[in-house]
Structures are given as C-alpha cells and as structure tokens.
$ cat coords_34.cif   # mmCIF, C-alpha atoms
data_entry
loop_
_atom_site.label_atom_id
_atom_site.label_comp_id
_atom_site.auth_asym_id
_atom_site.auth_seq_id
_atom_site.Cartn_x
_atom_site.Cartn_y
_atom_site.Cartn_z
CA MET J 62 -45.29 17.05 -11.41
CA MET J 63 -47.06 15.89 -8.23
CA MET J 64 -49.27 13.17 -9.73
CA LYS J 65 -50.93 10.88 -7.24
CA SER J 66 -50.38 7.15 -7.61
CA ASP J 67 -52.16 4.16 -6.06
CA HIS J 68 -48.91 2.36 -5.27
CA SER J 69 -45.85 3.17 -3.15
CA PHE J 70 -43.26 2.89 -5.91
CA HIS J 71 -41.49 5.80 -7.56
CA LEU J 72 -41.91 6.16 -11.31
CA VAL J 73 -39.42 8.91 -12.04
CA ASP J 74 -40.33 11.99 -14.04
CA LEU J 75 -38.70 12.30 -17.48
CA SER J 76 -35.07 13.32 -16.93
CA PRO J 77 -32.23 14.31 -19.28
CA TRP J 78 -29.43 13.11 -16.98
CA PRO J 79 -29.16 9.48 -18.13
CA LEU J 80 -28.66 10.73 -21.70
CA THR J 81 -26.19 13.46 -20.77
CA GLY J 82 -24.35 10.95 -18.58
CA ALA J 83 -24.04 8.39 -21.35
CA THR J 84 -23.02 11.03 -23.88
CA GLY J 85 -20.59 12.55 -21.41
CA ALA J 86 -19.00 9.18 -20.63
CA PHE J 87 -18.53 8.53 -24.34
CA ILE J 88 -16.97 11.96 -24.89
CA LEU J 89 -14.75 11.48 -21.81
CA THR J 90 -13.38 8.12 -22.89
CA THR J 91 -12.89 9.21 -26.50
CA GLY J 92 -11.24 12.33 -25.08
CA ILE J 93 -8.74 10.19 -23.15
CA VAL J 94 -7.81 8.41 -26.38
CA LYS J 95 -7.39 11.76 -28.18
CA TRP J 96 -5.25 13.00 -25.28
CA PHE J 97 -2.94 10.00 -25.34
CA GLN J 98 -2.70 9.78 -29.13
CA GLU J 99 -2.67 13.42 -30.20
CA MET J 100 -1.51 15.22 -27.01
CA ASN J 101 -4.72 17.28 -26.96
CA MET J 102 -6.83 17.42 -23.78
CA ASN J 103 -9.80 19.49 -25.00
CA LEU J 104 -12.24 16.62 -25.58
CA PHE J 105 -11.24 15.01 -22.27
CA LEU J 106 -11.88 18.24 -20.36
CA PHE J 107 -15.19 18.74 -22.14
CA GLY J 108 -16.21 15.18 -21.19
CA MET J 109 -15.22 15.77 -17.55
CA MET J 110 -17.34 18.92 -17.44
CA ILE J 111 -20.40 17.14 -18.85
CA MET J 112 -19.99 14.26 -16.37
CA ALA J 113 -19.58 16.63 -13.42
CA LEU J 114 -22.68 18.62 -14.39
CA THR J 115 -24.64 15.38 -14.88
CA CYS J 116 -23.67 14.01 -11.47
CA ILE J 117 -24.46 17.26 -9.67
CA GLN J 118 -27.85 17.69 -11.27
CA TRP J 119 -28.92 14.04 -11.17
CA TRP J 120 -28.11 13.61 -7.48
CA ARG J 121 -29.61 17.04 -6.71
CA ASP J 122 -32.85 15.82 -8.33
CA ILE J 123 -32.80 12.63 -6.24
CA SER J 124 -32.49 14.70 -3.06
CA ARG J 125 -35.39 16.85 -4.19
CA GLU J 126 -37.55 13.80 -5.00
CA GLY J 127 -36.83 12.24 -1.61
CA THR J 128 -36.57 15.11 0.84
CA PHE J 129 -38.96 17.66 -0.64
CA GLN J 130 -41.44 15.61 -2.66
CA GLY J 131 -41.66 12.67 -0.24
CA LEU J 132 -41.36 10.09 -2.99
CA HIS J 133 -38.87 7.88 -1.12
CA THR J 134 -41.25 5.50 0.61
CA SER J 135 -39.78 2.61 2.59
CA ILE J 136 -39.91 0.29 -0.41
CA VAL J 137 -38.21 2.88 -2.61
CA ALA J 138 -35.54 3.27 0.06
CA LYS J 139 -35.09 -0.52 0.11
CA GLY J 140 -34.39 -0.40 -3.61
CA LEU J 141 -31.84 2.38 -3.08
CA ARG J 142 -30.17 0.27 -0.38
CA TRP J 143 -29.87 -2.70 -2.72
CA GLY J 144 -28.54 -0.39 -5.42
CA MET J 145 -25.77 0.92 -3.18
CA ILE J 146 -24.90 -2.58 -1.96
CA LEU J 147 -24.62 -3.86 -5.52
CA PHE J 148 -22.54 -0.85 -6.59
CA ILE J 149 -20.10 -1.27 -3.71
CA THR J 150 -19.89 -5.00 -4.55
CA SER J 151 -18.90 -4.11 -8.10
CA GLU J 152 -16.20 -1.83 -6.71
CA VAL J 153 -14.88 -4.66 -4.55
CA LEU J 154 -14.50 -6.73 -7.72
CA PHE J 155 -12.73 -3.78 -9.39
CA PHE J 156 -10.12 -3.62 -6.63
CA PHE J 157 -9.82 -7.41 -6.57
CA SER J 158 -8.30 -7.24 -10.05
CA PHE J 159 -5.56 -4.83 -8.94
CA PHE J 160 -4.76 -7.01 -5.96
CA TRP J 161 -4.57 -9.98 -8.35
CA ALA J 162 -2.07 -8.07 -10.47
CA PHE J 163 0.00 -7.22 -7.39
CA PHE J 164 0.13 -10.80 -6.11
CA HIS J 165 0.81 -12.14 -9.62
CA SER J 166 3.99 -10.07 -9.81
CA SER J 167 5.08 -10.25 -6.19
CA LEU J 168 4.51 -13.91 -5.21
CA ALA J 169 6.86 -15.23 -7.90
CA PRO J 170 9.18 -12.34 -8.83
CA SER J 171 10.62 -12.71 -12.32
CA MET J 172 14.21 -12.84 -13.46
CA GLU J 173 14.00 -9.35 -14.95
CA ILE J 174 13.43 -7.74 -11.55
CA GLY J 175 16.06 -9.82 -9.75
CA LEU J 176 13.98 -12.73 -8.39
CA MET J 177 13.13 -10.58 -5.38
CA TRP J 178 10.33 -8.36 -4.06
CA PRO J 179 10.66 -5.44 -3.83
CA PRO J 180 12.66 -5.61 -7.08
CA LYS J 181 16.34 -4.77 -7.13
CA GLY J 182 16.87 -1.05 -6.85
CA VAL J 183 13.38 -0.23 -5.50
CA LEU J 184 13.24 1.53 -2.12
CA PRO J 185 9.75 0.96 -0.66
CA PHE J 186 8.03 3.15 1.98
CA ASN J 187 8.56 2.36 5.64
CA PRO J 188 5.10 1.00 6.56
CA PHE J 189 5.42 2.32 10.10
CA GLN J 190 5.73 5.98 9.14
CA VAL J 191 3.14 7.86 7.04
CA PRO J 192 1.32 4.69 5.87
CA LEU J 193 0.61 3.73 9.51
CA LEU J 194 -0.60 7.24 10.25
CA ASN J 195 -2.89 7.02 7.20
CA THR J 196 -4.27 3.73 8.54
CA ILE J 197 -5.12 5.29 11.91
CA ILE J 198 -6.65 8.31 10.16
CA LEU J 199 -9.04 6.15 8.13
CA LEU J 200 -9.90 3.88 11.05
CA GLY J 201 -10.53 6.99 13.18
CA SER J 202 -12.74 8.48 10.49
CA GLY J 203 -14.82 5.29 10.61
CA VAL J 204 -15.35 5.96 14.31
CA THR J 205 -16.32 9.61 13.77
CA VAL J 206 -18.79 8.76 10.98
CA THR J 207 -20.41 6.21 13.32
CA TRP J 208 -20.71 8.92 15.96
CA ALA J 209 -22.39 11.13 13.36
CA HIS J 210 -24.80 8.33 12.45
CA HIS J 211 -25.90 7.68 16.02
CA SER J 212 -26.27 11.42 16.54
CA ILE J 213 -28.60 11.65 13.53
CA MET J 214 -30.61 8.71 14.86
CA GLU J 215 -30.88 10.36 18.29
CA ASN J 216 -31.79 13.74 16.74
CA ASN J 217 -28.70 15.51 18.02
CA PHE J 218 -28.05 18.08 15.31
CA SER J 219 -24.83 19.60 16.61
CA GLN J 220 -23.12 16.31 17.42
CA ALA J 221 -24.03 14.94 14.00
CA PHE J 222 -22.50 18.07 12.48
CA LEU J 223 -19.31 17.69 14.50
CA GLY J 224 -18.98 13.99 13.73
CA LEU J 225 -19.44 14.60 10.00
CA LEU J 226 -17.04 17.56 10.05
CA LEU J 227 -14.35 15.49 11.78
CA THR J 228 -14.86 12.68 9.26
CA VAL J 229 -14.45 15.01 6.28
CA THR J 230 -11.40 16.63 7.90
CA LEU J 231 -9.76 13.24 8.43
CA GLY J 232 -10.52 12.35 4.80
CA VAL J 233 -8.85 15.52 3.56
CA TYR J 234 -5.92 14.87 5.92
CA PHE J 235 -5.47 11.35 4.44
CA THR J 236 -5.52 12.69 0.89
CA SER J 237 -2.97 15.41 1.70
CA LEU J 238 -0.59 12.93 3.33
CA GLN J 239 -0.92 10.51 0.43
CA ALA J 240 -0.22 13.31 -2.06
CA LEU J 241 2.92 14.12 -0.06
CA GLU J 242 3.96 10.45 -0.20
CA TYR J 243 3.44 10.39 -3.97
CA TRP J 244 5.69 13.44 -4.30
CA GLU J 245 8.41 12.08 -2.02
CA ALA J 246 8.45 8.51 -3.39
CA SER J 247 11.81 7.32 -4.67
CA PHE J 248 10.05 5.15 -7.26
CA THR J 249 7.57 6.07 -10.01
CA ILE J 250 4.83 4.21 -11.93
CA SER J 251 7.41 3.31 -14.59
CA ASP J 252 9.67 1.50 -12.12
CA SER J 253 8.96 -2.17 -12.91
CA ALA J 254 5.88 -4.09 -11.86
CA TYR J 255 6.38 -2.65 -8.37
CA GLY J 256 5.65 0.88 -9.54
CA SER J 257 2.77 -0.17 -11.78
CA THR J 258 0.97 -2.23 -9.15
CA PHE J 259 1.67 0.27 -6.36
CA PHE J 260 0.38 3.34 -8.17
CA MET J 261 -2.56 1.65 -9.91
CA ALA J 262 -3.86 0.16 -6.64
CA THR J 263 -3.16 3.13 -4.35
CA GLY J 264 -4.06 5.60 -7.10
CA PHE J 265 -7.54 4.20 -7.66
CA HIS J 266 -7.93 3.96 -3.89
CA GLY J 267 -7.04 7.65 -3.59
CA ILE J 268 -9.66 8.57 -6.21
CA HIS J 269 -12.23 6.65 -4.18
CA VAL J 270 -11.17 8.52 -1.02
CA ILE J 271 -11.77 11.81 -2.84
CA ILE J 272 -15.16 10.59 -4.06
CA GLY J 273 -16.08 9.41 -0.55
CA THR J 274 -14.97 12.69 1.02
CA THR J 275 -17.06 14.59 -1.52
CA PHE J 276 -20.09 12.40 -0.78
CA LEU J 277 -19.66 13.04 2.98
CA THR J 278 -19.26 16.79 2.36
CA VAL J 279 -22.56 16.80 0.44
CA CYS J 280 -24.11 14.99 3.43
CA LEU J 281 -22.71 17.69 5.71
CA SER J 282 -24.39 20.43 3.63
CA ARG J 283 -27.64 18.49 3.51
CA HIS J 284 -27.51 17.96 7.27
CA MET J 285 -27.06 21.71 7.78
CA LYS J 286 -30.19 22.20 5.67
CA SER J 287 -32.02 19.66 7.90
CA HIS J 288 -32.61 17.13 5.13
CA PHE J 289 -32.06 14.16 7.48
CA SER J 290 -34.59 12.88 10.03
CA SER J 291 -33.85 10.46 12.83
CA ASN J 292 -35.40 7.52 11.00
CA HIS J 293 -34.87 8.48 7.35
CA HIS J 294 -31.40 9.47 6.19
CA PHE J 295 -30.41 6.97 3.54
CA GLY J 296 -28.14 9.40 1.68
CA PHE J 297 -26.00 9.61 4.80
CA GLU J 298 -26.04 5.83 5.28
CA ALA J 299 -24.94 5.29 1.68
CA ALA J 300 -22.04 7.73 2.19
CA ALA J 301 -21.07 5.98 5.42
CA TRP J 302 -21.16 2.53 3.76
CA TYR J 303 -18.97 3.82 0.91
CA TRP J 304 -16.57 5.34 3.42
CA HIS J 305 -16.23 2.06 5.36
CA PHE J 306 -15.58 0.28 2.03
CA VAL J 307 -12.80 2.78 1.23
CA ASP J 308 -11.34 2.13 4.69
CA VAL J 309 -11.41 -1.66 4.23
CA VAL J 310 -9.70 -1.42 0.82
CA TRP J 311 -6.96 0.67 2.47
CA LEU J 312 -6.49 -1.97 5.18
CA PHE J 313 -5.93 -4.60 2.48
CA LEU J 314 -3.58 -2.24 0.60
CA TYR J 315 -1.64 -1.51 3.78
CA MET J 316 -1.28 -5.14 4.80
CA SER J 317 -0.37 -6.55 1.39
CA ILE J 318 1.41 -3.81 -0.57
CA TYR J 319 2.95 -1.66 2.14
CA TRP J 320 3.70 -4.21 4.84
CA TRP J 321 4.04 -7.69 3.31
CA GLY J 322 5.32 -6.27 0.02
CA GLY J 323 7.75 -3.79 1.54
CA MET D 181 -68.06 15.12 33.52
CA ILE D 182 -65.06 17.39 33.40
CA LEU D 183 -65.65 19.94 36.13
CA THR D 184 -66.09 17.58 39.04
CA GLY D 185 -63.75 19.56 41.24
CA LYS D 186 -62.20 16.31 42.40
CA HIS D 187 -59.12 16.51 40.22
CA HIS D 188 -56.22 18.78 41.05
CA ILE D 189 -54.13 19.08 38.01
CA VAL D 190 -50.56 19.60 39.05
CA GLY D 191 -48.46 21.26 36.39
CA VAL D 192 -45.35 19.27 35.90
CA CYS D 193 -42.60 20.56 33.68
CA VAL D 194 -41.50 17.73 31.43
CA ARG D 195 -38.86 18.08 28.71
CA ARG D 196 -40.22 16.54 25.56
CA PHE D 197 -38.53 15.60 22.34
CA ALA D 198 -40.29 15.63 19.00
CA SER D 199 -39.01 12.20 18.09
CA LYS D 200 -39.10 8.95 19.95
CA ALA D 201 -35.48 8.09 19.37
CA ALA D 202 -34.04 10.96 21.38
CA THR D 203 -35.72 9.95 24.62
CA GLN D 204 -34.12 6.56 24.58
CA HIS D 205 -30.56 6.55 25.76
CA GLU D 206 -29.27 3.49 24.00
CA ALA D 207 -26.30 1.77 25.51
CA GLY D 208 -24.40 1.50 22.24
CA GLY D 209 -25.38 4.90 20.96
CA MET D 210 -24.29 8.41 20.39
CA ASP D 211 -22.54 8.99 23.73
CA LEU D 212 -20.38 5.88 23.33
CA TRP D 213 -19.21 6.76 19.82
CA LYS D 214 -18.64 10.36 20.89
CA LYS D 215 -16.27 9.08 23.56
CA PHE D 216 -14.55 6.73 21.08
CA SER D 217 -14.15 9.69 18.70
CA LEU D 218 -12.98 12.43 21.06
CA PHE D 219 -10.97 10.31 23.51
CA GLY D 220 -9.86 7.53 21.16
CA ALA D 221 -9.66 8.27 17.47
CA ILE D 222 -8.68 11.96 17.46
CA PRO D 223 -5.98 11.67 20.18
CA CYS D 224 -4.50 8.59 18.45
CA VAL D 225 -4.28 10.52 15.18
CA GLY D 226 -2.73 13.45 17.03
CA ILE D 227 -0.13 11.36 18.86
CA LEU D 228 0.83 9.39 15.76
CA THR D 229 1.06 12.62 13.72
CA PHE D 230 3.53 13.96 16.28
CA LYS D 231 5.53 10.72 16.24
CA THR D 232 5.60 10.63 12.43
CA ILE D 233 6.83 14.23 12.23
CA LEU D 234 9.61 13.40 14.72
CA ASP D 235 10.53 10.28 12.70
CA MET D 236 10.66 12.23 9.48
CA LYS D 237 12.85 14.94 11.01
CA LYS D 238 15.26 12.23 12.13
CA HIS D 239 15.37 10.27 8.84
CA GLY D 240 14.29 12.93 6.40
CA HIS D 241 17.80 13.93 5.38
CA ASP D 242 19.02 10.46 4.39
CA GLU D 243 21.11 10.25 1.25
CA ARG D 244 19.26 9.29 -1.92
CA PRO D 245 20.50 5.95 -3.32
CA PRO D 246 23.20 6.07 -6.04
CA PHE D 247 21.92 5.81 -9.61
CA VAL D 248 22.17 2.42 -11.33
CA ALA D 249 20.75 2.14 -14.86
CA TYR D 250 18.69 -1.03 -14.31
CA ASP D 251 16.65 -2.17 -17.34
CA HIS D 252 13.55 -2.92 -15.30
CA LEU D 253 13.36 0.60 -13.81
CA ARG D 254 12.57 3.90 -15.53
CA ILE D 255 10.74 2.04 -18.31
CA ARG D 256 9.92 4.27 -21.28
CA ASN D 257 8.17 2.13 -23.91
CA LYS D 258 5.77 4.99 -24.61
CA ARG D 259 6.12 8.66 -23.74
CA PHE D 260 4.03 10.17 -20.96
CA PRO D 261 1.19 12.28 -22.45
CA TRP D 262 2.46 15.58 -20.96
CA GLY D 263 5.48 17.84 -21.19
CA ASP D 264 8.39 16.24 -22.96
CA GLY D 265 7.02 12.80 -22.09
CA ARG D 266 10.02 11.80 -19.98
CA ARG D 267 8.67 12.49 -16.49
CA SER D 268 5.94 10.69 -14.52
CA LEU D 269 2.95 12.57 -13.11
CA PHE D 270 4.40 13.05 -9.62
CA HIS D 271 8.00 13.34 -10.79
CA ASN D 272 10.31 14.68 -8.09
CA PRO D 273 13.65 15.81 -9.59
CA HIS D 274 15.42 15.20 -6.28
CA THR D 275 14.29 11.62 -5.66
CA ASN D 276 13.32 10.33 -9.14
CA PRO D 277 16.10 9.84 -11.68
CA LEU D 278 15.39 9.88 -15.42
CA PRO D 279 16.50 6.83 -17.47
CA ASP D 280 19.98 8.33 -17.77
CA GLY D 281 20.39 9.59 -14.23
CA TYR D 282 19.34 12.21 -11.68
CA GLU D 283 18.54 15.61 -13.10
CA ALA D 284 19.42 17.72 -10.08
#

$ encode --input "coords_34.cif" --output "structure tokens"
Amino acid sequence: MMMKSDHSFHLVDLSPWPLTGATGAFILTTGIVKWFQEMNMNLFLFGMMIMALTCIQWWRDISREGTFQGLHTSIVAKGLRWGMILFITSEVLFFFSFFWAFFHSSLAPSMEIGLMWPPKGVLPFNPFQVPLLNTIILLGSGVTVTWAHHSIMENNFSQAFLGLLLTVTLGVYFTSLQALEYWEASFTISDSAYGSTFFMATGFHGIHVIIGTTFLTVCLSRHMKSHFSSNHHFGFEAAAWYWHFVDVVWLFLYMSIYWWGG
Amino acid sequence: MILTGKHHIVGVCVRRFASKAATQHEAGGMDLWKKFSLFGAIPCVGILTFKTILDMKKHGHDERPPFVAYDHLRIRNKRFPWGDGRRSLFHNPHTNPLPDGYEA
C-alpha cells in the first residue's frame, strides 16, 4: 500500500466506496418512490443503511490516508479546500431555490390565501421568542468554534476540546429547540404555501444542522485521538466552514421567513 | 576548543513548546475568542434561555384559535405516506386540526 511516488499528489488506492455510494444512492431514491407509492419502507431503509456505511468508511479511509499515511501534502490539502468550497457553494444554490419559492409566494400573495402574508388563518411564530434564542445559539456556536480553531493553532489541547464540546452542545440545543417548535406549531406543511415554504426551508436547514453537528462531533473524537496538529487540521477547518454556512443560512431564514414573513 | 575554562555555562530553566505557534501570543488569538465564548456567547444564550422560558410560561396557555375550514389550509391532495395518511409528520392533536376540525 505504501508505494513511493516522485510527485506530491495523491493517487488513491482502489476503493469500493464510490461504487457502494452510487448503488446506495440509487437504492435510496428508488426506495423513497416505493415508500410513497406502495407504503413500504424496506428499500428506503436498506438504501439509508448502505449510504451510512459508505460515508463512515469512506471518510474513515480519508482520515487514515491523511493522518496516518501522510498522503495529504500541502497541494493535496489545497485540492481538498477547493472541494469543500465548491460543495458549500452548491449548497448555497440549493437553499437559494427554497428562498426563491418563499419570496415567490409571499411577495405577491394570491387570492386563494386571502391576498395577505401570512395567509388568512395562519398563526406564525413570534420571532422574538424561540427563533431569536436559536439565532443567538448559532451565532454563539460560531464564536465557540472559532475559539476551538485558535486553540488548535496554538497547540492548546484542552481549550480546543472545550471549544469543540461547547459548539456541539449548542448545535444539539438548537436542534432540540427546533424540534420542539415543530411539535408546537399551529400550522403544518399542508397549510397553504406558508406551510410548504416554511417546512421545506427550515426542514432542510435542520438536516444540515444535524449533518454539521455530526461533522463537528467526529472532529471532537479525532481531536481526542490527537489527529490535528497546529498547522495541519483541514478536517476541522472544513467542519468549521460548513458550520458557519449553516449559521448564515439560518440568519437569512430568520430575517426573511420568521421576521419579515411573520 | 571546547574546554577553554573561560565559559561559565549558567543553567537557565526555559519553558519550551514543541511547536512555534504556541510561543507566539497573537493578539487576535485563542485568549480573545475564549473570552468572547465564556463571557459573551454562553452567558447570552443562558440569559435569553431564561427570558424565553419566562415568556413561554406567560403566553404558553393562550387559547388555540377557533377552527375555520379554509380551503387553502389542511390541503390533502395526496395522503401522507404513514398511518392513515391524514396527519402530517409533526402532527400535534392539540394545535393542529384535521381538515374537518380539531381531534382533541
């Protein structure tokens, strides 16, 4: 496995994960169709399991290649940086479409919903209660993850641990509060364009919060195993970038859907 | 060349770090963000949590709005893919009426 090369690029060893990932994604999406059409979730659950196993093992292998095999030279790391930047950019475009849908319905409310926004009969959330708390939680978690980053750069192991732990805790806190809001809401996804746009936008955001929290938790475990050095810790940086992106999306959600649209 | 007897080597205890970064106390670094975190972010979250709990205690027992069978609400063009298909994923029987009215 440890073949020497005369260049500083990383030509990856043969890996099954791209194939299992593609197969798993196909099974997952077909499984969703089967679920919706035939009320049977077995293929969907099977697809989820294959995707989860693929993600765990693929990313585990990347950590091994970088941390233990030393294959992540500075130029390889540059490529990983560009990869993460491009991925996050694609996610920005994904959320842009849900914001488009929201503004399409809310800027010129139709006759059917009473020529008003929120529509007649819809009781929106008070933006200055739980939604404001959620905003402060995410902004605060951006501060704690920055503390963790500087601590890693200054080789302070325990402060990096504490900063990361606080960040993950705040992420879990946000998710719990949002779940409570979803339960308590007086409107559902089937309540006019208001419900559709609200739950699609905040729902996908919530999934991204869970993904980001998971990514940060993995960083916390890796930090405890001393995977990160003061000048090489791209996995952590990628998680922090993703987390800031999740925070920014929330700020847009809060200002447009909760506040302006409330 | 070494044992000239001229040099008195004084042992000085110096704390060394393995990496360069730790010796430099950057102005915008770890200590600053630690302060922002522990004296800024966490207390703000704590205070606002307290305020939100108080707010919810005060307004938490408001009456739910009376049911009006609007056409644009409780849309059911296709059944939900679970249960009897009439309830959304986070359906709350107390706050979410079905198309024909509150259940509870």

$ resolve_selection --input "coords_34.cif" --expression "the PyMOL selection byres ((chain D) within 6 of (chain J))" --output "PyMOL selection string"
chain D and resi 201-202+209-210+213-214+217+221+225+232+252-255+261+270+275-276

$ closest_residue --input "coords_34.cif" --among "D:Val248, D:Leu212, D:Leu234, D:Ile227" --to "Pro279 in chain D" --atoms "only C-alpha atoms"
D:Val248

$ atom_distance --input "coords_34.cif" --atom1 "CA of Ile88 in chain J" --atom2 "CA of Phe260 in chain D"
21.4 Å

$ atom_distance --input "coords_34.cif" --atom1 "CA of His269 in chain J" --atom2 "CA of Phe313 in chain J"
14.5 Å

$ closest_residue --input "coords_34.cif" --among "J:Ala169, J:Met109, J:Ile117, J:Leu314" --to "Phe87 in chain J" --atoms "all atoms listed in the file"
J:Met109

$ atom_distance --input "coords_34.cif" --atom1 "CA of Ser151 in chain J" --atom2 "CA of Leu168 in chain J"
25.5 Å
